[in-house]
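J.: There's a structure below that I have some questions on.
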Amino acid sequence: MADWLYKKRCNSIDEMTNLSLKIRSRLSELFVLEKEAPIFSQTSVDGTKKYLFEVGDNRYVESVYIPDKDRATLCISSQKGCKMGCKFCVTGKQGFKGNLTAQQILNQVFSIPESLSLTNIVYMGMGEPFDNFPAVLKSIQVLTSDWGVAMSPRRITVSTVGIMPVVNDFMEKTECHLAVSLHAPFGDKRSEIMPMQKPYPHTELIRMLKKYDWSGQRRLSFEYIVFKDFNDDEQSMKKLVYLLQHLRCRVNLIRFHASEGVPLEGVDMKKMIEIRDYLTSQGIITTIRASRGEDIMAACGLLAGKNTENSEQ
Ligand code: SF4
C-alpha cells in the first residue's frame, strides 16, 4: 500500500491492482484516498509560487514553491498560525489556531503540480515544527523512509525557535538538517523580539547543540534576520562569533521584509554584505539568503494563510 501511495502516487484504492478485490473493497469502506488540492495559488515575478490550502474550520495555511536552477524547494507549514509570537512575523501575530495533522503536512507536498520534481523540503512555513513534533516526525518518516518517498534527509531542513525539550528527539529520530532562528545574539534583545527566549535561552540552547556531532553531512544553521539599529552593530557581530565558536555551523543572513505594524526595519544590501564578510573572516560560513516571492507576500515571515477570496478569514 505504501508503494501505491508514495511511489506510484495512485489516486484511488481501485488502482491498487495487486491487492485482492476483497481487500480493496474493505479498504474503501475504511479509508478515503484523496489529495486536497490548493484552493488558490499566486506566482511571483521571480517564479516563486505560493499555495493556499484549506485545513478545516475555515482555516488556511500556505506553502511556498521556490524553483532555483537545479533545485526545487517547497517551504511547508506545520501549524495553523503559531504560538511563538515572534514580533517580526505575520504568522506569529495571528496567534495559534491548531496543529496540522501529518496528513495535512504531507498533503502540501503531494498535491501541488510540482510535487514529483521537488528536490528539497524546508519546514519553515507557518508554525513552529517543534511545537507539533509528533505530526512533523510522522511526515518526515513518510518522506525519508525507503517504503515512503525515500527522499534523502539531507534534503530536508526543519526550522525551530529552539524548543529545547524536543531537540534530542529530533536529533535521534531524524537525520534532517536543523535551522535555528537566532536573530539576536544578546538575551535581552532576543527576548524583545522572540518570547521563547525566556523559557529556552539561546545560550543554553547553543550549549546543548554543541554536545552533538555536526562533523558529518548533517547541517546546523542559524537564521539571522538583520534589523537596522537592532542587531546589525559590531558588538552584536562579535557576540555572535563568540557564541558560535567551536560549533560547526553556518549562518544564514535574511533581509527583513517590512510589514504593517512591525516597528523594525531592514538594512540595505551593502550592510548585509559587510556583515557576511565580517562573519566569514571570523571563520563562520555565512550566506545571504536570496529573497524570493516578496511581491506575493511569500518571503520569510510574511505568510499569513489568508484566503483572499474569503473576507471573513
Ligand atoms: Fe512562529 Fe516562525 Fe513566525 Fe516565530 S517566525 S511566530 S516561530 S511562524
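Just remember, in the C-alpha cells the first chain shown is A, the second B, etc., residues are 1-based per chain, and ligands are 1-based in the order shown.
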Hey, what does DSSP flag as strand (DSSP E or B) within range 125-311 of chain A? Can you give it to me as a list in words?

T.: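 Across range 125-311 of chain A, those assigned strand (DSSP E or B) are Ile156, Thr157, Val158, Ser159, Thr160, His177, Leu178, Ala179, Val180, Ser181, Leu220, Ser221, Phe222, Glu223, Tyr224, Ile225, Val226, Phe227, Arg250, Val251, Asn252, Leu253, Ile254, Arg255, Gly266, Ile285, Thr286, Thr287 and Ile288 of chain A.
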
J.: Write the residues of the preceding selection, restricted to N, CA, C and O atoms, as a compact mmCIF listing (two decimals), in the first residue's frame.

T.:
# COMPACT_ATOMS: atom_id res chain seq x y z
N ILE A 156 16.13 17.78 3.56
CA ILE A 156 15.04 18.32 4.37
C ILE A 156 15.63 19.14 5.52
O ILE A 156 16.55 18.70 6.20
N THR A 157 15.12 20.33 5.71
CA THR A 157 15.57 21.18 6.82
C THR A 157 14.38 21.54 7.68
O THR A 157 13.33 21.94 7.17
N VAL A 158 14.56 21.37 8.98
CA VAL A 158 13.49 21.74 9.92
C VAL A 158 13.97 22.95 10.71
O VAL A 158 15.09 22.96 11.24
N SER A 159 13.10 23.93 10.78
CA SER A 159 13.49 25.16 11.48
C SER A 159 12.80 25.22 12.84
O SER A 159 11.69 24.71 13.02
N THR A 160 13.47 25.82 13.81
CA THR A 160 12.87 25.96 15.14
C THR A 160 13.36 27.23 15.82
O THR A 160 14.47 27.70 15.53
N HIS A 177 18.50 18.22 8.42
CA HIS A 177 19.24 19.41 8.85
C HIS A 177 18.39 20.21 9.84
O HIS A 177 17.16 20.16 9.81
N LEU A 178 19.08 20.97 10.67
CA LEU A 178 18.39 21.80 11.65
C LEU A 178 18.74 23.27 11.42
O LEU A 178 19.91 23.63 11.24
N ALA A 179 17.72 24.11 11.42
CA ALA A 179 17.93 25.55 11.30
C ALA A 179 17.34 26.24 12.53
O ALA A 179 16.15 26.08 12.82
N VAL A 180 18.17 26.92 13.28
CA VAL A 180 17.70 27.59 14.50
C VAL A 180 17.50 29.08 14.21
O VAL A 180 18.40 29.74 13.69
N SER A 181 16.32 29.57 14.56
CA SER A 181 16.07 31.01 14.38
C SER A 181 16.71 31.74 15.55
O SER A 181 16.21 31.69 16.67
N LEU A 220 23.87 22.19 10.64
CA LEU A 220 23.25 23.08 11.62
C LEU A 220 23.41 24.50 11.12
O LEU A 220 24.52 24.93 10.80
N SER A 221 22.31 25.21 11.01
CA SER A 221 22.45 26.61 10.61
C SER A 221 21.68 27.51 11.57
O SER A 221 20.74 27.07 12.24
N PHE A 222 22.11 28.74 11.62
CA PHE A 222 21.43 29.74 12.43
C PHE A 222 20.88 30.81 11.50
O PHE A 222 21.61 31.36 10.68
N GLU A 223 19.60 31.05 11.65
CA GLU A 223 18.94 32.07 10.83
C GLU A 223 19.06 33.40 11.55
O GLU A 223 18.83 33.48 12.77
N TYR A 224 19.42 34.41 10.81
CA TYR A 224 19.64 35.71 11.44
C TYR A 224 19.03 36.80 10.55
O TYR A 224 19.59 37.17 9.52
N ILE A 225 17.85 37.28 10.95
CA ILE A 225 17.24 38.40 10.20
C ILE A 225 17.94 39.66 10.65
O ILE A 225 18.06 39.92 11.86
N VAL A 226 18.43 40.42 9.70
CA VAL A 226 19.19 41.62 10.08
C VAL A 226 18.23 42.82 10.18
O VAL A 226 17.59 43.21 9.20
N PHE A 227 18.14 43.37 11.39
CA PHE A 227 17.29 44.53 11.65
C PHE A 227 18.17 45.76 11.86
O PHE A 227 19.15 45.71 12.62
N ARG A 250 26.64 27.09 10.19
CA ARG A 250 26.68 28.22 9.29
C ARG A 250 25.62 29.24 9.69
O ARG A 250 24.69 28.91 10.43
N VAL A 251 25.78 30.44 9.19
CA VAL A 251 24.80 31.48 9.49
C VAL A 251 24.13 31.89 8.18
O VAL A 251 24.81 32.11 7.17
N ASN A 252 22.81 31.95 8.20
CA ASN A 252 22.06 32.45 7.05
C ASN A 252 21.54 33.83 7.39
O ASN A 252 20.71 33.97 8.29
N LEU A 253 22.03 34.82 6.68
CA LEU A 253 21.52 36.18 6.91
C LEU A 253 20.29 36.38 6.06
O LEU A 253 20.26 36.03 4.87
N ILE A 254 19.27 36.95 6.67
CA ILE A 254 18.00 37.14 5.95
C ILE A 254 17.64 38.62 5.98
O ILE A 254 17.71 39.26 7.03
N ARG A 255 17.27 39.11 4.82
CA ARG A 255 16.84 40.52 4.79
C ARG A 255 15.42 40.63 5.31
O ARG A 255 14.56 39.82 4.97
N GLY A 266 14.54 46.81 7.96
CA GLY A 266 15.63 46.01 7.41
C GLY A 266 16.84 46.88 7.08
O GLY A 266 16.80 48.10 7.28
N ILE A 285 30.94 30.15 8.19
CA ILE A 285 30.37 30.11 6.84
C ILE A 285 29.06 30.89 6.87
O ILE A 285 28.15 30.56 7.64
N THR A 286 29.00 31.94 6.08
CA THR A 286 27.82 32.81 6.13
C THR A 286 27.27 33.07 4.74
O THR A 286 28.04 33.37 3.82
N THR A 287 25.98 32.92 4.60
CA THR A 287 25.36 33.21 3.30
C THR A 287 24.24 34.23 3.49
O THR A 287 23.68 34.34 4.58
N ILE A 288 23.95 34.92 2.42
CA ILE A 288 22.82 35.84 2.45
C ILE A 288 21.69 35.13 1.72
O ILE A 288 21.84 34.76 0.55

J.: Within 6 Å of ligand 1, which residues show up when you count only C-alpha atoms and all ligand atoms? List them as a ChimeraX atom specification, please.

T.: /A:82,84-86,89,91-92,126-128,161,301

J.: Those same residues, written as a short mmCIF file (atom, residue, chain, number, x, y, z; two decimals), in the first residue's frame with C-alpha atoms?

T.:
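So part03.cif came out as:
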data_model
loop_
_atom_site.label_atom_id
_atom_site.label_comp_id
_atom_site.auth_asym_id
_atom_site.auth_seq_id
_atom_site.Cartn_x
_atom_site.Cartn_y
_atom_site.Cartn_z
CA CYS A 82 1.73 29.92 15.62
CA MET A 84 5.64 31.54 19.41
CA GLY A 85 4.74 35.20 18.99
CA CYS A 86 7.90 36.40 17.22
CA CYS A 89 6.41 37.62 11.91
CA THR A 91 2.05 34.39 11.18
CA GLY A 92 3.03 34.94 14.81
CA MET A 126 3.59 28.79 9.16
CA GLY A 127 4.03 27.41 12.67
CA GLU A 128 6.81 26.07 14.87
CA VAL A 161 13.00 28.86 17.55
CA GLY A 301 7.94 35.86 7.93
#

J.: Counting only C-alpha atoms, what is within 12 Å of Val267 in chain A, bar same-chain residues fewer than 2 positions away, as JSON, numbers by chain?

T.: {"A": [225, 226, 227, 228, 229, 230, 231, 232, 233, 253, 254, 255, 256, 257, 258, 264, 265, 269, 270, 271, 272, 273, 274, 275]}

J.: What would the file look like if the residues just selected were written as an mmCIF file, in the first residue's frame with C-alpha atoms?

T.:
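Contents of result30.cif, freshly written:
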data_model
loop_
_atom_site.group_PDB
_atom_site.id
_atom_site.type_symbol
_atom_site.label_atom_id
_atom_site.label_comp_id
_atom_site.auth_asym_id
_atom_site.auth_seq_id
_atom_site.Cartn_x
_atom_site.Cartn_y
_atom_site.Cartn_z
ATOM 1 C CA ILE A 225 17.238 38.395 10.198
ATOM 2 C CA VAL A 226 19.186 41.620 10.081
ATOM 3 C CA PHE A 227 17.285 44.532 11.648
ATOM 4 C CA LYS A 228 18.548 48.076 11.310
ATOM 5 C CA ASP A 229 19.995 49.522 14.524
ATOM 6 C CA PHE A 230 18.902 46.442 16.444
ATOM 7 C CA ASN A 231 21.195 43.521 15.733
ATOM 8 C CA ASP A 232 23.458 44.817 12.961
ATOM 9 C CA ASP A 233 26.182 46.512 15.009
ATOM 10 C CA LEU A 253 21.520 36.178 6.909
ATOM 11 C CA ILE A 254 17.999 37.138 5.952
ATOM 12 C CA ARG A 255 16.843 40.516 4.787
ATOM 13 C CA PHE A 256 13.865 41.758 6.754
ATOM 14 C CA HIS A 257 10.678 42.441 4.836
ATOM 15 C CA ALA A 258 8.861 45.329 6.410
ATOM 16 C CA LEU A 264 11.508 47.079 12.844
ATOM 17 C CA GLU A 265 13.398 47.960 9.717
ATOM 18 C CA MET A 269 22.399 45.037 0.718
ATOM 19 C CA LYS A 270 25.668 46.858 1.429
ATOM 20 C CA LYS A 271 25.204 46.227 5.153
ATOM 21 C CA MET A 272 24.248 42.593 4.550
ATOM 22 C CA ILE A 273 27.446 42.052 2.563
ATOM 23 C CA GLU A 274 29.516 43.828 5.218
ATOM 24 C CA ILE A 275 28.110 41.517 7.918
#

J.: Given the choices A:Glu204, A:Glu34, A:Glu260, A:Glu114, which gets closest to Arg71 in chain A if the distance is worked out from only C-alpha atoms?

T.: A:Glu114

J.: With only C-alpha atoms as the basis for distance, which of A:Phe88, A:Thr48, A:Met1, A:Lys93 is at the shortest distance from Ile23 in chain A?

T.: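 Residue with the minimum atom-to-atom distance to Ile23 in chain A: A:Met1.
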
J.: Counting only C-alpha atoms, what is within 8 Å of range 101-112 of chain A, bar same-chain residues fewer than 6 positions away, as an MDAnalysis selection string?

T.: chainID A and resid 35:38 53 55 63 74 76:78 135:136 138:139

J.: Keeping all heavy atoms for every residue in the selection just given, could you write it to a file as a tab-separated table (two decimals), in the first residue's frame?

T.:
chain	number	residue	atom	x	y	z
A	35	LYS	N	-6.22	13.61	-2.30
A	35	LYS	CA	-5.34	14.73	-2.06
A	35	LYS	C	-6.22	15.96	-2.10
A	35	LYS	O	-7.14	16.04	-2.91
A	35	LYS	CB	-4.28	14.83	-3.16
A	35	LYS	CG	-3.30	13.69	-3.12
A	35	LYS	CD	-2.37	13.76	-4.32
A	35	LYS	CE	-1.81	12.38	-4.57
A	35	LYS	NZ	-1.81	12.01	-5.98
A	36	GLU	N	-5.92	16.89	-1.21
A	36	GLU	CA	-6.71	18.12	-1.24
A	36	GLU	C	-5.91	19.19	-1.94
A	36	GLU	O	-4.90	19.66	-1.41
A	36	GLU	CB	-7.07	18.53	0.18
A	36	GLU	CG	-8.07	17.55	0.80
A	36	GLU	CD	-8.03	17.58	2.30
A	36	GLU	OE1	-8.35	18.61	2.89
A	36	GLU	OE2	-7.66	16.54	2.89
A	37	ALA	N	-6.33	19.50	-3.15
A	37	ALA	CA	-5.59	20.47	-3.97
A	37	ALA	C	-5.62	21.85	-3.31
A	37	ALA	O	-6.58	22.19	-2.61
A	37	ALA	CB	-6.21	20.54	-5.34
A	38	PRO	N	-4.56	22.64	-3.52
A	38	PRO	CA	-4.60	24.01	-3.00
A	38	PRO	C	-5.80	24.75	-3.59
A	38	PRO	O	-6.17	24.52	-4.74
A	38	PRO	CB	-3.27	24.61	-3.48
A	38	PRO	CG	-2.73	23.67	-4.49
A	38	PRO	CD	-3.34	22.33	-4.26
A	53	PHE	N	-3.91	26.37	1.24
A	53	PHE	CA	-4.66	25.15	1.50
A	53	PHE	C	-5.71	25.39	2.58
A	53	PHE	O	-5.41	26.05	3.59
A	53	PHE	CB	-3.72	24.04	2.01
A	53	PHE	CG	-2.74	23.58	0.99
A	53	PHE	CD1	-1.49	24.18	0.90
A	53	PHE	CD2	-3.05	22.54	0.13
A	53	PHE	CE1	-0.57	23.75	-0.04
A	53	PHE	CE2	-2.13	22.11	-0.81
A	53	PHE	CZ	-0.88	22.71	-0.90
A	55	VAL	N	-7.56	23.96	5.68
A	55	VAL	CA	-7.23	22.87	6.61
A	55	VAL	C	-8.31	22.71	7.69
A	55	VAL	O	-8.02	22.41	8.84
A	55	VAL	CB	-5.83	23.10	7.26
A	55	VAL	CG1	-4.72	22.74	6.30
A	55	VAL	CG2	-5.67	24.54	7.76
A	63	SER	N	1.98	27.27	1.55
A	63	SER	CA	3.27	26.64	1.22
A	63	SER	C	3.88	27.47	0.11
A	63	SER	O	3.14	28.07	-0.68
A	63	SER	CB	3.09	25.23	0.66
A	63	SER	OG	2.23	24.50	1.47
A	74	LEU	N	10.29	23.24	-1.57
A	74	LEU	CA	8.96	23.59	-1.07
A	74	LEU	C	9.07	23.91	0.41
A	74	LEU	O	9.60	23.13	1.20
A	74	LEU	CB	7.97	22.42	-1.28
A	74	LEU	CG	6.53	22.76	-0.93
A	74	LEU	CD1	5.94	23.78	-1.91
A	74	LEU	CD2	5.65	21.51	-0.90
A	76	ILE	N	7.09	24.34	3.70
A	76	ILE	CA	5.77	23.89	4.14
A	76	ILE	C	5.43	24.36	5.55
A	76	ILE	O	6.31	24.67	6.36
A	76	ILE	CB	5.62	22.35	4.05
A	76	ILE	CG1	6.72	21.63	4.85
A	76	ILE	CG2	5.64	21.89	2.61
A	76	ILE	CD1	6.55	20.11	4.87
A	77	SER	N	4.14	24.39	5.84
A	77	SER	CA	3.65	24.81	7.15
A	77	SER	C	3.40	23.60	8.03
A	77	SER	O	3.08	22.51	7.53
A	77	SER	CB	2.33	25.59	6.98
A	77	SER	OG	2.56	26.79	6.28
A	78	SER	N	3.52	23.80	9.34
A	78	SER	CA	3.28	22.69	10.27
A	78	SER	C	2.12	22.98	11.23
A	78	SER	O	1.67	22.08	11.92
A	78	SER	CB	4.55	22.39	11.07
A	78	SER	OG	5.01	23.55	11.74
A	135	ALA	N	3.44	15.07	14.70
A	135	ALA	CA	2.96	15.08	13.31
A	135	ALA	C	4.10	15.38	12.33
A	135	ALA	O	4.19	14.79	11.25
A	135	ALA	CB	1.84	16.11	13.15
A	136	VAL	N	4.99	16.28	12.73
A	136	VAL	CA	6.14	16.61	11.87
A	136	VAL	C	7.02	15.37	11.69
A	136	VAL	O	7.43	15.04	10.57
A	136	VAL	CB	6.94	17.80	12.47
A	136	VAL	CG1	8.31	17.92	11.83
A	136	VAL	CG2	6.15	19.09	12.31
A	138	LYS	N	6.16	12.21	11.94
A	138	LYS	CA	5.44	11.25	11.10
A	138	LYS	C	5.62	11.63	9.61
A	138	LYS	O	5.89	10.79	8.76
A	138	LYS	CB	3.96	11.29	11.45
A	138	LYS	CG	3.30	9.95	11.57
A	138	LYS	CD	1.87	10.18	12.02
A	138	LYS	CE	1.17	8.93	12.39
A	138	LYS	NZ	-0.20	9.17	12.80
A	139	SER	N	5.48	12.92	9.33
A	139	SER	CA	5.60	13.36	7.93
A	139	SER	C	7.03	13.15	7.43
A	139	SER	O	7.24	12.74	6.29
A	139	SER	CB	5.17	14.83	7.78
A	139	SER	OG	6.04	15.70	8.46

J.: When distances are computed from only C-alpha atoms, which of A:Ile13, A:Ala304, A:Ala150, A:Ile39 shows the smallest separation from Ser25 in chain A?

T.: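 Closest to Ser25 in chain A, using only C-alpha atoms: A:Ile13.
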
J.: Measuring atom to atom with only C-alpha atoms, identify which of A:Gln245, A:Ser152, A:Ser12, A:Ser117 is nearest to Arg207 in chain A.

T.: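 Among A:Gln245, A:Ser152, A:Ser12, A:Ser117, it is A:Gln245 that comes nearest to Arg207 in chain A.
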
J.: Suppose you want the space between CA of Gly162 in chain A and CA of Thr144 in chain A; what is it in Å?

T.: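 Result for CA of Gly162 in chain A versus CA of Thr144 in chain A: 23.0 Å, one decimal.
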
J.: Report as JSON, numbers by chain all protein, DNA and RNA residues lying within 10 Å of Leu5 in chain A, evaluated on only C-alpha atoms, omitting residues in the same chain fewer than 3 positions from it.

T.: {"A": [1, 2, 8, 9, 10, 11, 12, 13, 16, 33, 147, 148, 149]}

J.: From a DSSP calculation on the backbone, collect every residue of range 12-99 of chain A in alpha helix (DSSP H) and output the set as a compact mmCIF listing (two decimals) with N, CA and C atoms, in the first residue's frame.

T.:
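Output below, filename out_0.txt:
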# COMPACT_ATOMS: atom_id res chain seq x y z
N LEU A 21 -9.57 -7.96 -4.73
CA LEU A 21 -10.79 -7.13 -4.78
C LEU A 21 -11.41 -6.98 -3.40
N LYS A 22 -11.35 -8.10 -2.65
CA LYS A 22 -11.96 -8.11 -1.32
C LYS A 22 -11.24 -7.10 -0.41
N ILE A 23 -9.91 -7.12 -0.48
CA ILE A 23 -9.14 -6.18 0.36
C ILE A 23 -9.40 -4.74 -0.09
N ARG A 24 -9.41 -4.55 -1.39
CA ARG A 24 -9.64 -3.19 -1.90
C ARG A 24 -11.01 -2.65 -1.47
N SER A 25 -12.01 -3.53 -1.51
CA SER A 25 -13.34 -3.01 -1.15
C SER A 25 -13.40 -2.75 0.36
N ARG A 26 -12.71 -3.58 1.14
CA ARG A 26 -12.68 -3.34 2.60
C ARG A 26 -11.93 -2.02 2.90
N LEU A 27 -10.84 -1.82 2.18
CA LEU A 27 -10.07 -0.58 2.37
C LEU A 27 -10.93 0.64 2.01
N SER A 28 -11.70 0.50 0.94
CA SER A 28 -12.55 1.62 0.51
C SER A 28 -13.62 1.94 1.54
N GLU A 29 -14.04 0.87 2.27
CA GLU A 29 -15.04 1.11 3.33
C GLU A 29 -14.41 1.90 4.48
N LEU A 30 -13.14 1.63 4.71
CA LEU A 30 -12.48 2.22 5.89
C LEU A 30 -11.81 3.57 5.62
N VAL A 90 4.42 37.81 10.55
CA VAL A 90 3.00 37.98 10.29
C VAL A 90 2.20 36.79 10.84
N THR A 91 2.74 35.58 10.67
CA THR A 91 2.05 34.39 11.18
C THR A 91 1.91 34.48 12.69
N GLY A 92 3.01 34.86 13.35
CA GLY A 92 3.03 34.94 14.81
C GLY A 92 1.97 35.89 15.34
N LYS A 93 1.73 36.95 14.59
CA LYS A 93 0.75 37.95 15.03
C LYS A 93 -0.67 37.43 15.01
N GLN A 94 -0.90 36.41 14.19
CA GLN A 94 -2.26 35.89 14.07
C GLN A 94 -2.64 34.99 15.21

J.: Residues at most 9 Å from Lys80 in chain A, counting only C-alpha atoms, excluding those fewer than 6 positions away in the same chain, as a ChimeraX atom specification?

T.: /A:55,59-61,91,95-100,126-127,305

J.: Contacts of His202 in chain A at 9 Å or less, counting only C-alpha atoms, minus same-chain residues fewer than 5 places along, as a count of residues only?

T.: 8
